[in-house]
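Source file: start.cif; contents: mmCIF, C-alpha atoms.
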```
data_run
loop_
_atom_site.group_PDB
_atom_site.id
_atom_site.type_symbol
_atom_site.label_atom_id
_atom_site.label_comp_id
_atom_site.auth_asym_id
_atom_site.auth_seq_id
_atom_site.Cartn_x
_atom_site.Cartn_y
_atom_site.Cartn_z
ATOM 1 C CA MET F 244 42.273 67.442 -98.239
ATOM 2 C CA ARG F 245 40.782 64.327 -99.843
ATOM 3 C CA VAL F 246 39.090 61.262 -98.401
ATOM 4 C CA PRO F 247 40.844 58.200 -99.892
ATOM 5 C CA VAL F 248 38.584 55.958 -101.963
ATOM 6 C CA HIS F 249 39.074 52.219 -102.537
ATOM 7 C CA PRO F 250 38.186 50.699 -105.970
ATOM 8 C CA ASN F 251 35.559 48.564 -104.209
ATOM 9 C CA ASP F 252 33.766 51.811 -103.294
ATOM 10 C CA LEU F 253 33.089 52.384 -107.004
ATOM 11 C CA LEU F 254 31.413 49.039 -107.660
ATOM 12 C CA ARG F 255 27.771 49.023 -108.680
ATOM 13 C CA ASN F 256 25.219 49.268 -105.858
ATOM 14 C CA THR F 257 27.920 49.633 -103.198
ATOM 15 C CA GLY F 258 29.972 52.396 -101.593
ATOM 16 C CA LEU F 259 29.803 55.687 -103.446
ATOM 17 C CA LYS F 260 27.257 54.459 -106.010
ATOM 18 C CA LYS F 261 24.846 53.509 -103.238
ATOM 19 C CA ILE F 262 25.275 56.875 -101.494
ATOM 20 C CA ALA F 263 24.599 58.589 -104.838
ATOM 21 C CA LYS F 264 21.355 56.618 -105.227
ATOM 22 C CA ASP F 265 20.310 57.619 -101.718
ATOM 23 C CA LEU F 266 21.098 61.272 -102.486
ATOM 24 C CA GLN F 267 19.000 61.033 -105.644
ATOM 25 C CA LYS F 268 16.099 59.453 -103.778
ATOM 26 C CA LEU F 269 16.162 61.976 -100.917
ATOM 27 C CA TRP F 270 16.891 65.014 -103.090
ATOM 28 C CA CYS F 271 14.822 68.039 -102.072
ATOM 29 C CA GLY F 272 16.243 70.635 -104.449
ATOM 30 C CA PRO F 273 14.092 72.666 -106.850
ATOM 31 C CA ASN F 274 15.095 70.549 -109.871
ATOM 32 C CA PRO F 275 15.498 66.754 -110.294
ATOM 33 C CA LEU F 276 18.968 65.328 -109.627
ATOM 34 C CA THR F 277 20.524 62.806 -112.017
ATOM 35 C CA HIS F 278 22.723 59.947 -110.829
ATOM 36 C CA THR F 279 25.713 61.471 -112.632
ATOM 37 C CA SER F 280 25.166 64.824 -110.922
ATOM 38 C CA ALA F 281 24.858 63.078 -107.556
ATOM 39 C CA LEU F 282 28.227 61.383 -108.112
ATOM 40 C CA GLU F 283 29.794 64.717 -109.077
ATOM 41 C CA LEU F 284 28.499 66.430 -105.937
ATOM 42 C CA LEU F 285 29.642 63.587 -103.692
ATOM 43 C CA ALA F 286 33.091 63.602 -105.277
ATOM 44 C CA GLN F 287 33.404 67.308 -104.532
ATOM 45 C CA GLY F 288 32.279 66.718 -100.966
ATOM 46 C CA LEU F 289 35.065 64.135 -100.618
ATOM 47 C CA GLY F 290 37.628 66.704 -101.774
ATOM 48 C CA TYR F 291 37.937 65.947 -105.510
ATOM 49 C CA SER F 292 37.297 68.204 -108.473
ATOM 50 C CA GLY F 293 34.744 65.741 -109.824
ATOM 51 C CA TYR F 294 33.890 62.072 -110.194
ATOM 52 C CA GLN F 295 36.508 61.414 -112.890
ATOM 53 C CA ASP F 296 39.196 62.864 -110.617
ATOM 54 C CA LEU F 297 37.948 60.651 -107.779
ATOM 55 C CA ALA F 298 37.866 57.486 -109.932
ATOM 56 C CA ALA F 299 41.386 58.133 -111.215
ATOM 57 C CA SER F 300 42.633 58.574 -107.645
ATOM 58 C CA ALA F 301 41.085 55.384 -106.219
ATOM 59 C CA THR F 302 43.677 53.276 -104.416
ATOM 60 C CA GLU F 303 43.664 49.790 -102.892
ATOM 61 C CA GLN F 304 45.703 50.910 -99.874
ATOM 62 C CA MET F 305 44.327 53.447 -97.452
ATOM 63 C CA PRO F 306 47.147 56.015 -97.079
ATOM 64 C CA ALA F 307 48.533 56.854 -93.654
ATOM 65 C CA GLY F 308 47.770 60.175 -92.052
ATOM 66 C CA THR F 309 44.581 62.087 -91.473
ATOM 67 C CA PHE F 310 41.749 62.933 -93.827
ATOM 68 C CA PRO F 311 38.420 64.744 -93.451
ATOM 69 C CA SER F 312 35.848 63.322 -91.056
ATOM 70 C CA GLN F 313 32.305 62.391 -92.081
ATOM 71 C CA SER F 314 30.993 65.642 -90.616
ATOM 72 C CA ALA F 315 33.548 67.619 -92.646
ATOM 73 C CA VAL F 316 32.524 65.732 -95.798
ATOM 74 C CA LYS F 317 28.861 66.569 -95.166
ATOM 75 C CA GLN F 318 29.707 70.249 -94.707
ATOM 76 C CA ALA F 319 31.712 70.203 -97.945
ATOM 77 C CA LEU F 320 28.822 68.489 -99.744
ATOM 78 C CA MET F 321 26.457 71.245 -98.614
ATOM 79 C CA LEU F 322 28.853 73.842 -100.039
ATOM 80 C CA ALA F 323 29.139 71.867 -103.309
ATOM 81 C CA ILE F 324 25.336 71.743 -103.616
ATOM 82 C CA LYS F 325 25.071 75.482 -102.923
ATOM 83 C CA ALA F 326 27.735 76.230 -105.546
ATOM 84 C CA ALA F 327 25.916 74.061 -108.123
ATOM 85 C CA MET F 328 22.643 76.003 -107.716
ATOM 86 C CA THR F 329 21.754 79.449 -108.916
ATOM 87 C CA PRO F 330 21.329 81.968 -106.055
ATOM 88 C CA SER F 331 17.573 82.121 -106.645
ATOM 89 C CA ASP F 332 17.236 78.319 -106.539
ATOM 90 C CA TRP F 333 19.353 78.124 -103.396
ATOM 91 C CA PHE F 334 17.407 80.743 -101.458
ATOM 92 C CA SER F 335 14.052 79.317 -102.586
ATOM 93 C CA SER F 336 14.989 75.803 -101.451
ATOM 94 C CA ASP F 337 14.277 74.342 -98.009
ATOM 95 C CA GLN F 338 17.786 74.575 -96.563
ATOM 96 C CA ALA F 339 16.809 72.834 -93.303
ATOM 97 C CA ALA F 340 15.487 69.866 -95.288
ATOM 98 C CA MET F 341 18.667 69.939 -97.376
ATOM 99 C CA ALA F 342 20.807 69.758 -94.230
ATOM 100 C CA GLN F 343 18.706 66.881 -92.890
ATOM 101 C CA MET F 344 19.037 65.073 -96.223
ATOM 102 C CA ILE F 345 22.835 65.358 -96.134
ATOM 103 C CA LYS F 346 22.936 64.307 -92.491
ATOM 104 C CA SER F 347 21.087 61.078 -93.324
ATOM 105 C CA LEU F 348 23.583 59.984 -95.999
ATOM 106 C CA ARG F 349 25.546 56.926 -94.892
ATOM 107 C CA PHE F 350 29.161 57.786 -95.673
ATOM 108 C CA ARG F 351 30.265 54.910 -93.431
ATOM 109 C CA ALA F 352 29.578 52.752 -96.527
ATOM 110 C CA LEU F 353 32.957 54.007 -97.812
ATOM 111 C CA SER F 354 36.036 51.958 -96.923
ATOM 112 C CA ALA F 355 37.799 54.945 -95.367
ATOM 113 C CA PHE F 356 35.083 55.275 -92.716
ATOM 114 C CA LYS F 357 34.432 51.603 -92.023
ATOM 115 C CA VAL F 358 37.311 50.953 -89.617
ATOM 116 C CA PRO F 359 40.378 52.764 -88.254
ATOM 117 C CA ARG F 360 42.985 53.047 -91.019
ATOM 118 C CA SER F 361 45.633 51.388 -88.868
ATOM 119 C CA VAL F 362 43.440 48.322 -88.280
ATOM 120 C CA PHE F 363 41.942 47.266 -91.602
ATOM 121 C CA GLN F 364 42.711 47.502 -95.305
ATOM 122 C CA PRO F 365 39.706 46.419 -97.429
ATOM 123 C CA PRO F 366 40.268 43.227 -99.454
ATOM 124 C CA ARG F 367 39.969 43.247 -103.218
ATOM 125 C CA HIS F 368 36.657 42.217 -104.714
ATOM 126 C CA GLY F 369 36.619 38.395 -104.813
ATOM 127 C CA GLU F 370 40.023 38.132 -103.123
ATOM 128 C CA PRO F 371 41.011 34.498 -102.388
ATOM 129 C CA SER F 372 42.056 33.239 -98.991
ATOM 130 C CA ILE F 373 45.783 33.694 -98.313
ATOM 131 C CA GLY F 374 47.171 31.885 -95.298
ATOM 132 C CA SER F 375 50.291 34.055 -95.156
ATOM 133 C CA ASP F 376 48.112 37.075 -94.316
ATOM 134 C CA LEU F 377 46.948 35.561 -91.047
ATOM 135 C CA PRO F 378 49.823 36.656 -88.764
ATOM 136 C CA VAL F 379 49.319 40.288 -89.799
ATOM 137 C CA LEU F 380 45.550 39.896 -89.520
ATOM 138 C CA ARG F 381 45.863 38.418 -86.019
ATOM 139 C CA GLY F 382 47.873 41.452 -84.941
ATOM 140 C CA ARG F 383 45.296 43.847 -86.321
ATOM 141 C CA MET F 384 42.466 41.971 -84.671
ATOM 142 C CA ALA F 385 44.289 41.873 -81.337
ATOM 143 C CA LYS F 386 44.577 45.648 -81.480
ATOM 144 C CA SER F 387 40.917 45.922 -82.420
ATOM 145 C CA ALA F 388 39.959 43.633 -79.552
ATOM 146 C CA GLN F 389 41.420 46.137 -77.100
ATOM 147 C CA GLN F 390 39.417 48.945 -78.694
ATOM 148 C CA LEU F 391 36.165 46.974 -78.546
ATOM 149 C CA SER F 392 36.625 45.248 -75.190
ATOM 150 C CA SER F 393 34.634 47.853 -73.293
ATOM 151 C CA GLN F 394 31.680 47.495 -75.662
ATOM 152 C CA LEU F 395 31.464 43.790 -76.465
ATOM 153 C CA LEU F 396 30.561 40.862 -74.256
ATOM 154 C CA THR F 397 33.369 38.401 -73.607
ATOM 155 C CA ASP F 398 32.924 34.672 -74.233
ATOM 156 C CA GLU F 399 32.699 34.223 -70.455
ATOM 157 C CA GLU F 400 29.945 36.849 -70.194
ATOM 158 C CA LEU F 401 28.020 35.234 -73.050
ATOM 159 C CA GLU F 402 28.263 31.893 -71.266
ATOM 160 C CA SER F 403 27.105 33.443 -67.970
ATOM 161 C CA LEU F 404 24.187 35.026 -69.780
ATOM 162 C CA SER F 405 23.192 31.699 -71.350
ATOM 163 C CA LYS F 406 23.359 29.941 -67.973
ATOM 164 C CA ALA F 407 21.241 32.634 -66.312
ATOM 165 C CA ILE F 408 18.575 32.332 -69.013
ATOM 166 C CA THR F 409 18.560 28.538 -68.746
ATOM 167 C CA ALA F 410 18.068 28.867 -64.975
ATOM 168 C CA THR F 411 14.879 30.904 -65.505
ATOM 169 C CA GLU F 412 13.209 27.828 -67.050
ATOM 170 C CA SER F 413 11.494 30.137 -69.566
ATOM 171 C CA LEU F 414 11.470 28.274 -72.895
ATOM 172 C CA ARG F 415 10.668 31.512 -74.718
ATOM 173 C CA ASP F 416 13.698 33.287 -73.215
ATOM 174 C CA GLN F 417 15.909 30.306 -74.002
ATOM 175 C CA ALA F 418 14.702 30.326 -77.610
ATOM 176 C CA LEU F 419 15.307 34.088 -77.864
ATOM 177 C CA MET F 420 18.854 33.744 -76.590
ATOM 178 C CA SER F 421 19.488 30.782 -78.917
ATOM 179 C CA CYS F 422 18.417 32.890 -81.910
ATOM 180 C CA MET F 423 20.869 35.625 -80.879
ATOM 181 C CA MET F 424 23.697 33.169 -80.229
ATOM 182 C CA ALA F 425 23.071 31.539 -83.612
ATOM 183 C CA GLY F 426 23.720 34.885 -85.314
ATOM 184 C CA LEU F 427 20.243 36.220 -86.074
ATOM 185 C CA ARG F 428 19.698 39.978 -85.975
ATOM 186 C CA ARG F 429 16.911 41.471 -83.883
ATOM 187 C CA SER F 430 14.709 42.203 -86.892
ATOM 188 C CA GLU F 431 15.224 38.638 -88.119
ATOM 189 C CA PHE F 432 14.304 36.724 -84.974
ATOM 190 C CA LEU F 433 11.440 39.083 -84.061
ATOM 191 C CA GLY F 434 9.944 38.435 -87.489
ATOM 192 C CA ALA F 435 10.803 34.714 -87.477
ATOM 193 C CA ARG F 436 8.196 32.002 -87.921
ATOM 194 C CA PRO F 437 8.599 28.221 -87.581
ATOM 195 C CA SER F 438 8.365 27.846 -91.365
ATOM 196 C CA ASP F 439 11.518 29.988 -91.777
ATOM 197 C CA PHE F 440 13.630 27.094 -90.448
ATOM 198 C CA SER F 441 14.403 24.066 -92.591
ATOM 199 C CA GLY F 442 16.957 21.256 -92.719
ATOM 200 C CA ASP F 443 17.835 17.926 -91.143
ATOM 201 C CA ASP F 444 18.440 16.798 -87.568
ATOM 202 C CA GLU F 445 22.081 17.918 -87.619
ATOM 203 C CA ARG F 446 21.533 21.583 -88.379
ATOM 204 C CA LYS F 447 18.853 23.991 -89.518
ATOM 205 C CA LEU F 448 18.918 26.768 -92.088
ATOM 206 C CA PHE F 449 17.113 29.991 -91.208
ATOM 207 C CA VAL F 450 16.052 32.137 -94.183
ATOM 208 C CA SER F 451 14.747 35.592 -93.321
ATOM 209 C CA ARG F 452 11.716 37.098 -95.020
ATOM 210 C CA GLY F 453 11.714 40.171 -97.230
ATOM 211 C CA PRO F 454 13.403 41.074 -100.535
ATOM 212 C CA LYS F 455 16.967 40.695 -99.158
ATOM 213 C CA LYS F 456 17.009 37.185 -97.752
ATOM 214 C CA THR F 457 19.599 36.388 -95.094
ATOM 215 C CA ARG F 458 20.630 32.765 -94.562
ATOM 216 C CA VAL F 459 22.010 31.635 -91.210
ATOM 217 C CA MET F 460 22.933 28.083 -90.261
ATOM 218 C CA VAL F 461 21.564 27.272 -86.801
ATOM 219 C CA PRO F 462 23.673 24.656 -84.954
ATOM 220 C CA GLN F 463 21.837 21.823 -83.231
ATOM 221 C CA LYS F 464 22.605 23.114 -79.713
ATOM 222 C CA TYR F 465 20.690 26.318 -80.477
ATOM 223 C CA TRP F 466 17.982 24.697 -82.581
ATOM 224 C CA THR F 467 17.117 22.376 -79.682
ATOM 225 C CA SER F 468 15.921 25.298 -77.534
ATOM 226 C CA ILE F 469 14.054 26.911 -80.425
ATOM 227 C CA SER F 470 12.299 23.691 -81.474
ATOM 228 C CA ARG F 471 11.379 22.870 -77.860
ATOM 229 C CA PHE F 472 9.715 26.278 -77.520
ATOM 230 C CA ILE F 473 7.833 25.843 -80.826
ATOM 231 C CA ALA F 474 6.549 22.431 -79.781
ATOM 232 C CA THR F 475 5.611 23.428 -76.214
ATOM 233 C CA ALA F 476 3.854 26.635 -77.309
ATOM 234 C CA ASN F 477 2.126 24.624 -80.081
ATOM 235 C CA LEU F 478 2.994 27.264 -82.674
ATOM 236 C CA ALA F 479 1.648 26.919 -86.208
ATOM 237 C CA ASP F 480 4.150 27.086 -89.059
ATOM 238 C CA ASN F 481 3.263 30.604 -90.143
ATOM 239 C CA VAL F 482 2.786 32.465 -86.837
ATOM 240 C CA LEU F 483 5.360 34.672 -85.153
ATOM 241 C CA LEU F 484 7.756 32.903 -82.799
ATOM 242 C CA PHE F 485 7.924 35.726 -80.281
ATOM 243 C CA GLN F 486 4.485 37.282 -80.058
ATOM 244 C CA SER F 487 3.364 40.369 -78.188
ATOM 245 C CA LYS F 488 0.952 39.864 -75.300
ATOM 246 C CA ARG F 489 -1.459 42.142 -77.141
ATOM 247 C CA SER F 490 -1.760 40.142 -80.358
ATOM 248 C CA GLN F 491 -0.427 37.043 -82.107
ATOM 249 C CA ASP F 492 0.126 39.172 -85.206
ATOM 250 C CA ILE F 493 2.567 41.523 -83.458
ATOM 251 C CA SER F 494 6.052 40.586 -82.310
ATOM 252 C CA VAL F 495 7.578 41.502 -78.961
ATOM 253 C CA SER F 496 8.350 45.235 -78.991
ATOM 254 C CA PRO F 497 11.962 46.497 -78.962
ATOM 255 C CA LEU F 498 11.256 48.197 -75.608
ATOM 256 C CA ALA F 499 9.981 44.952 -74.045
ATOM 257 C CA LEU F 500 13.003 43.139 -75.451
ATOM 258 C CA LYS F 501 15.319 45.783 -73.989
ATOM 259 C CA LYS F 502 13.781 45.339 -70.535
ATOM 260 C CA LEU F 503 14.071 41.572 -70.890
ATOM 261 C CA CYS F 504 17.772 41.886 -71.718
ATOM 262 C CA GLU F 505 18.252 44.069 -68.643
ATOM 263 C CA SER F 506 16.662 41.402 -66.458
ATOM 264 C CA TRP F 507 18.954 38.776 -68.014
ATOM 265 C CA ALA F 508 21.971 40.960 -67.287
ATOM 266 C CA TYR F 509 20.894 41.382 -63.670
ATOM 267 C CA GLU F 510 20.544 37.622 -63.207
ATOM 268 C CA ALA F 511 23.941 37.013 -64.818
ATOM 269 C CA GLY F 512 25.693 39.785 -62.876
ATOM 270 C CA ILE F 513 26.663 41.662 -66.056
ATOM 271 C CA ASP F 514 26.549 45.403 -66.763
ATOM 272 C CA ALA F 515 23.080 45.910 -68.273
ATOM 273 C CA SER F 516 24.389 48.534 -70.720
ATOM 274 C CA LYS F 517 26.350 45.774 -72.468
ATOM 275 C CA VAL F 518 23.417 43.387 -72.850
ATOM 276 C CA SER F 519 21.212 44.095 -75.853
ATOM 277 C CA PRO F 520 20.214 42.023 -78.912
ATOM 278 C CA ARG F 521 22.575 44.080 -81.072
ATOM 279 C CA ASN F 522 25.503 43.746 -78.687
ATOM 280 C CA ILE F 523 24.974 40.003 -78.251
ATOM 281 C CA TYR F 524 24.885 39.663 -82.048
ATOM 282 C CA MET F 525 28.052 41.725 -82.506
ATOM 283 C CA SER F 526 29.818 39.879 -79.670
ATOM 284 C CA VAL F 527 29.034 36.526 -81.276
ATOM 285 C CA ARG F 528 30.369 37.769 -84.619
ATOM 286 C CA TRP F 529 33.519 39.054 -82.963
ATOM 287 C CA SER F 530 34.057 35.755 -81.180
ATOM 288 C CA VAL F 531 33.785 33.906 -84.493
ATOM 289 C CA ALA F 532 36.181 36.336 -86.182
ATOM 290 C CA MET F 533 38.764 35.864 -83.440
ATOM 291 C CA GLN F 534 38.510 32.096 -83.790
ATOM 292 C CA MET F 535 38.999 32.443 -87.528
ATOM 293 C CA ALA F 536 42.157 34.492 -87.122
ATOM 294 C CA GLY F 537 43.465 32.415 -84.220
ATOM 295 C CA SER F 538 43.385 29.007 -85.850
ATOM 296 C CA PHE F 539 43.256 28.574 -89.610
ATOM 297 C CA THR F 540 42.653 24.836 -89.304
ATOM 298 C CA ASP F 541 39.471 25.457 -87.309
ATOM 299 C CA LEU F 542 37.997 27.908 -89.802
ATOM 300 C CA MET F 543 35.728 25.427 -91.566
ATOM 301 C CA SER F 544 33.994 24.186 -88.441
ATOM 302 C CA SER F 545 33.766 27.506 -86.582
ATOM 303 C CA VAL F 546 32.328 29.492 -89.471
ATOM 304 C CA SER F 547 30.156 26.929 -91.206
ATOM 305 C CA THR F 548 28.514 25.716 -87.997
ATOM 306 C CA LYS F 549 28.056 29.106 -86.338
ATOM 307 C CA MET F 550 27.380 31.534 -89.146
ATOM 308 C CA GLY F 551 26.895 29.541 -92.354
ATOM 309 C CA HIS F 552 29.698 31.284 -94.297
ATOM 310 C CA TRP F 553 32.590 29.891 -96.292
ATOM 311 C CA PRO F 554 35.906 30.317 -94.429
ATOM 312 C CA THR F 555 38.432 32.653 -96.022
ATOM 313 C CA THR F 556 40.852 35.301 -94.872
ATOM 314 C CA SER F 557 38.625 37.768 -96.696
ATOM 315 C CA MET F 558 35.679 36.625 -94.581
ATOM 316 C CA THR F 559 37.690 37.337 -91.442
ATOM 317 C CA ARG F 560 38.362 40.824 -92.757
ATOM 318 C CA TYR F 561 34.648 41.126 -93.487
ATOM 319 C CA TYR F 562 33.739 40.417 -89.869
ATOM 320 C CA LEU F 563 36.395 42.852 -88.655
ATOM 321 C CA SER F 564 35.183 45.545 -91.035
ATOM 322 C CA SER F 565 31.484 45.152 -90.289
ATOM 323 C CA LEU F 566 32.018 45.221 -86.540
ATOM 324 C CA HIS F 567 33.862 48.531 -86.668
ATOM 325 C CA ALA F 568 31.334 49.918 -89.128
ATOM 326 C CA LYS F 569 28.497 49.050 -86.702
ATOM 327 C CA PHE F 570 30.209 50.606 -83.709
ATOM 328 C CA SER F 571 31.099 53.757 -85.634
ATOM 329 C CA LYS F 572 27.404 54.573 -86.048
#
```

Let me see the file written as structure tokens.
Amino acid sequence: MRVPVHPNDLLRNTGLKKIAKDLQKLWCGPNPLTHTSALELLAQGLGYSGYQDLAASATEQMPAGTFPSQSAVKQALMLAIKAAMTPSDWFSSDQAAMAQMIKSLRFRALSAFKVPRSVFQPPRHGEPSIGSDLPVLRGRMAKSAQQLSSQLLTDEELESLSKAITATESLRDQALMSCMMAGLRRSEFLGARPSDFSGDDERKLFVSRGPKKTRVMVPQKYWTSISRFIATANLADNVLLFQSKRSQDISVSPLALKKLCESWAYEAGIDASKVSPRNIYMSVRWSVAMQMAGSFTDLMSSVSTKMGHWPTTSMTRYYLSSLHAKFSK
């Protein structure tokens, strides 16, 4: 049985091509692995005779019915690798390392494993916004909302959390929560410095550091708390916003942040298991996606002010897809 592949999965540096690069990089076999050979092995693991067979079978619609799970694909890939080696090479290789290598491959990068087939069909590359798709999209998102309701924070819970943090009178905690509510990931706000924010009085643009720069528009209501903390703490432009007690050069640890989130949850009367930087981030994204699907006329303001993205039906699908991909980890 084959795993269906979308044409987008075959684009450069995405989907299958990215998994092939990872396989090449992590390869622990006795001989070097070429990119072409990596694609061939992956295609066999997905149930095809080879990469050409897979490429010819790519379809824009995920077919109904069942197909192999990620674990089944990884087992099939191991068998394909074993079949491609000579017996002497196979038995001389580190099979435990090989299994660990295959286990680390991120097959959720493929469209078939991103979201439940009944919920989301990946858009075409560069697909324009189509208003007539919205009724169908709303239905899919409503179904997804039921599936995610036990994991995500509701708008009411997010508001309760914000009020509880404001009541603590801790400017640092208020700035932390504002970063999360503005759409920054944990790694982004823990590594943030005052100089990463720029813009006018109406809104600020946050640009993350590192080779892959992420840009997030920070609305004024969130920037107010962040700027107040920067000014009160007298932070220089190039120092960390949220420093460890041990050193100014080290950010707050994930463990300390986890305990802080638990204390916020307690104050807000919310289940602590639902309150984490990742879950707040995903809940904010989901809230934006639901607004996008619920009112087409409000797309421009809700997306541009909260997340800094252009509003399109494809963008709504993007939020829906990425949320399910995150929770399928």

request  = Evaluate the PyMOL selection byres ((chain F and resi 425-434) around 10) on the structure here and hand back the selected residues as an MDAnalysis selection string.
outcome  = chainID F and resid 418:424 435:436 439 449:453 456:466 482:486 493:497 500 519:521 523:528 548:551

Put those residues in a file: C-alpha atoms, as a compact mmCIF listing (two decimals), in the coordinates of the input.
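And here's selection39.txt as it stands now:
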```
# COMPACT_ATOMS: atom_id res chain seq x y z
CA ALA F 418 14.70 30.33 -77.61
CA LEU F 419 15.31 34.09 -77.86
CA MET F 420 18.85 33.74 -76.59
CA SER F 421 19.49 30.78 -78.92
CA CYS F 422 18.42 32.89 -81.91
CA MET F 423 20.87 35.62 -80.88
CA MET F 424 23.70 33.17 -80.23
CA ALA F 435 10.80 34.71 -87.48
CA ARG F 436 8.20 32.00 -87.92
CA ASP F 439 11.52 29.99 -91.78
CA PHE F 449 17.11 29.99 -91.21
CA VAL F 450 16.05 32.14 -94.18
CA SER F 451 14.75 35.59 -93.32
CA ARG F 452 11.72 37.10 -95.02
CA GLY F 453 11.71 40.17 -97.23
CA LYS F 456 17.01 37.18 -97.75
CA THR F 457 19.60 36.39 -95.09
CA ARG F 458 20.63 32.76 -94.56
CA VAL F 459 22.01 31.64 -91.21
CA MET F 460 22.93 28.08 -90.26
CA VAL F 461 21.56 27.27 -86.80
CA PRO F 462 23.67 24.66 -84.95
CA GLN F 463 21.84 21.82 -83.23
CA LYS F 464 22.60 23.11 -79.71
CA TYR F 465 20.69 26.32 -80.48
CA TRP F 466 17.98 24.70 -82.58
CA VAL F 482 2.79 32.47 -86.84
CA LEU F 483 5.36 34.67 -85.15
CA LEU F 484 7.76 32.90 -82.80
CA PHE F 485 7.92 35.73 -80.28
CA GLN F 486 4.49 37.28 -80.06
CA ILE F 493 2.57 41.52 -83.46
CA SER F 494 6.05 40.59 -82.31
CA VAL F 495 7.58 41.50 -78.96
CA SER F 496 8.35 45.24 -78.99
CA PRO F 497 11.96 46.50 -78.96
CA LEU F 500 13.00 43.14 -75.45
CA SER F 519 21.21 44.10 -75.85
CA PRO F 520 20.21 42.02 -78.91
CA ARG F 521 22.58 44.08 -81.07
CA ILE F 523 24.97 40.00 -78.25
CA TYR F 524 24.88 39.66 -82.05
CA MET F 525 28.05 41.72 -82.51
CA SER F 526 29.82 39.88 -79.67
CA VAL F 527 29.03 36.53 -81.28
CA ARG F 528 30.37 37.77 -84.62
CA THR F 548 28.51 25.72 -88.00
CA LYS F 549 28.06 29.11 -86.34
CA MET F 550 27.38 31.53 -89.15
CA GLY F 551 26.90 29.54 -92.35
```

ask   = Which residue, F:Arg245, F:Arg255, F:Lys261, F:Lys325, has the smallest gap to Phe310 in chain F when you use all atoms listed in the file?
value = F:Arg245

key: Nearby residues (all atoms listed in the file) at most 6 Å from Glu283 in chain F, same-chain spacing under 2 positions excluded, as a PyMOL selection string   = chain F and resi 280-281+285-286+293-294

request  = Excluding range 330-347 of chain F and any residue of its chain fewer than 6 positions from it, enumerate the residues within 10 Å of it, using all atoms listed in the file, and give them as a ChimeraX atom specification.
outcome  = /F:265-266,268-274,313-314,316-318,320-321,324

request  = Please write the residues picked by the PyMOL selection byres ((chain F and resi 402) around 12) on this file as a PyMOL selection string.
outcome  = chain F and resi 396-401+403-409+420-421+424+508+511-513+523+526-527

message = Can you tell me which residues surround Met244 in chain F at a distance of at most 12 Å, considering all atoms listed in the file, apart from same-chain residues fewer than 6 positions away, and format the answer as a PyMOL selection string?
response = chain F and resi 287-292+308-312+315-316+319

query = CA of Ser516 in chain F and CA of Arg351 in chain F, how far apart in Å?
reply = 24.3 Å
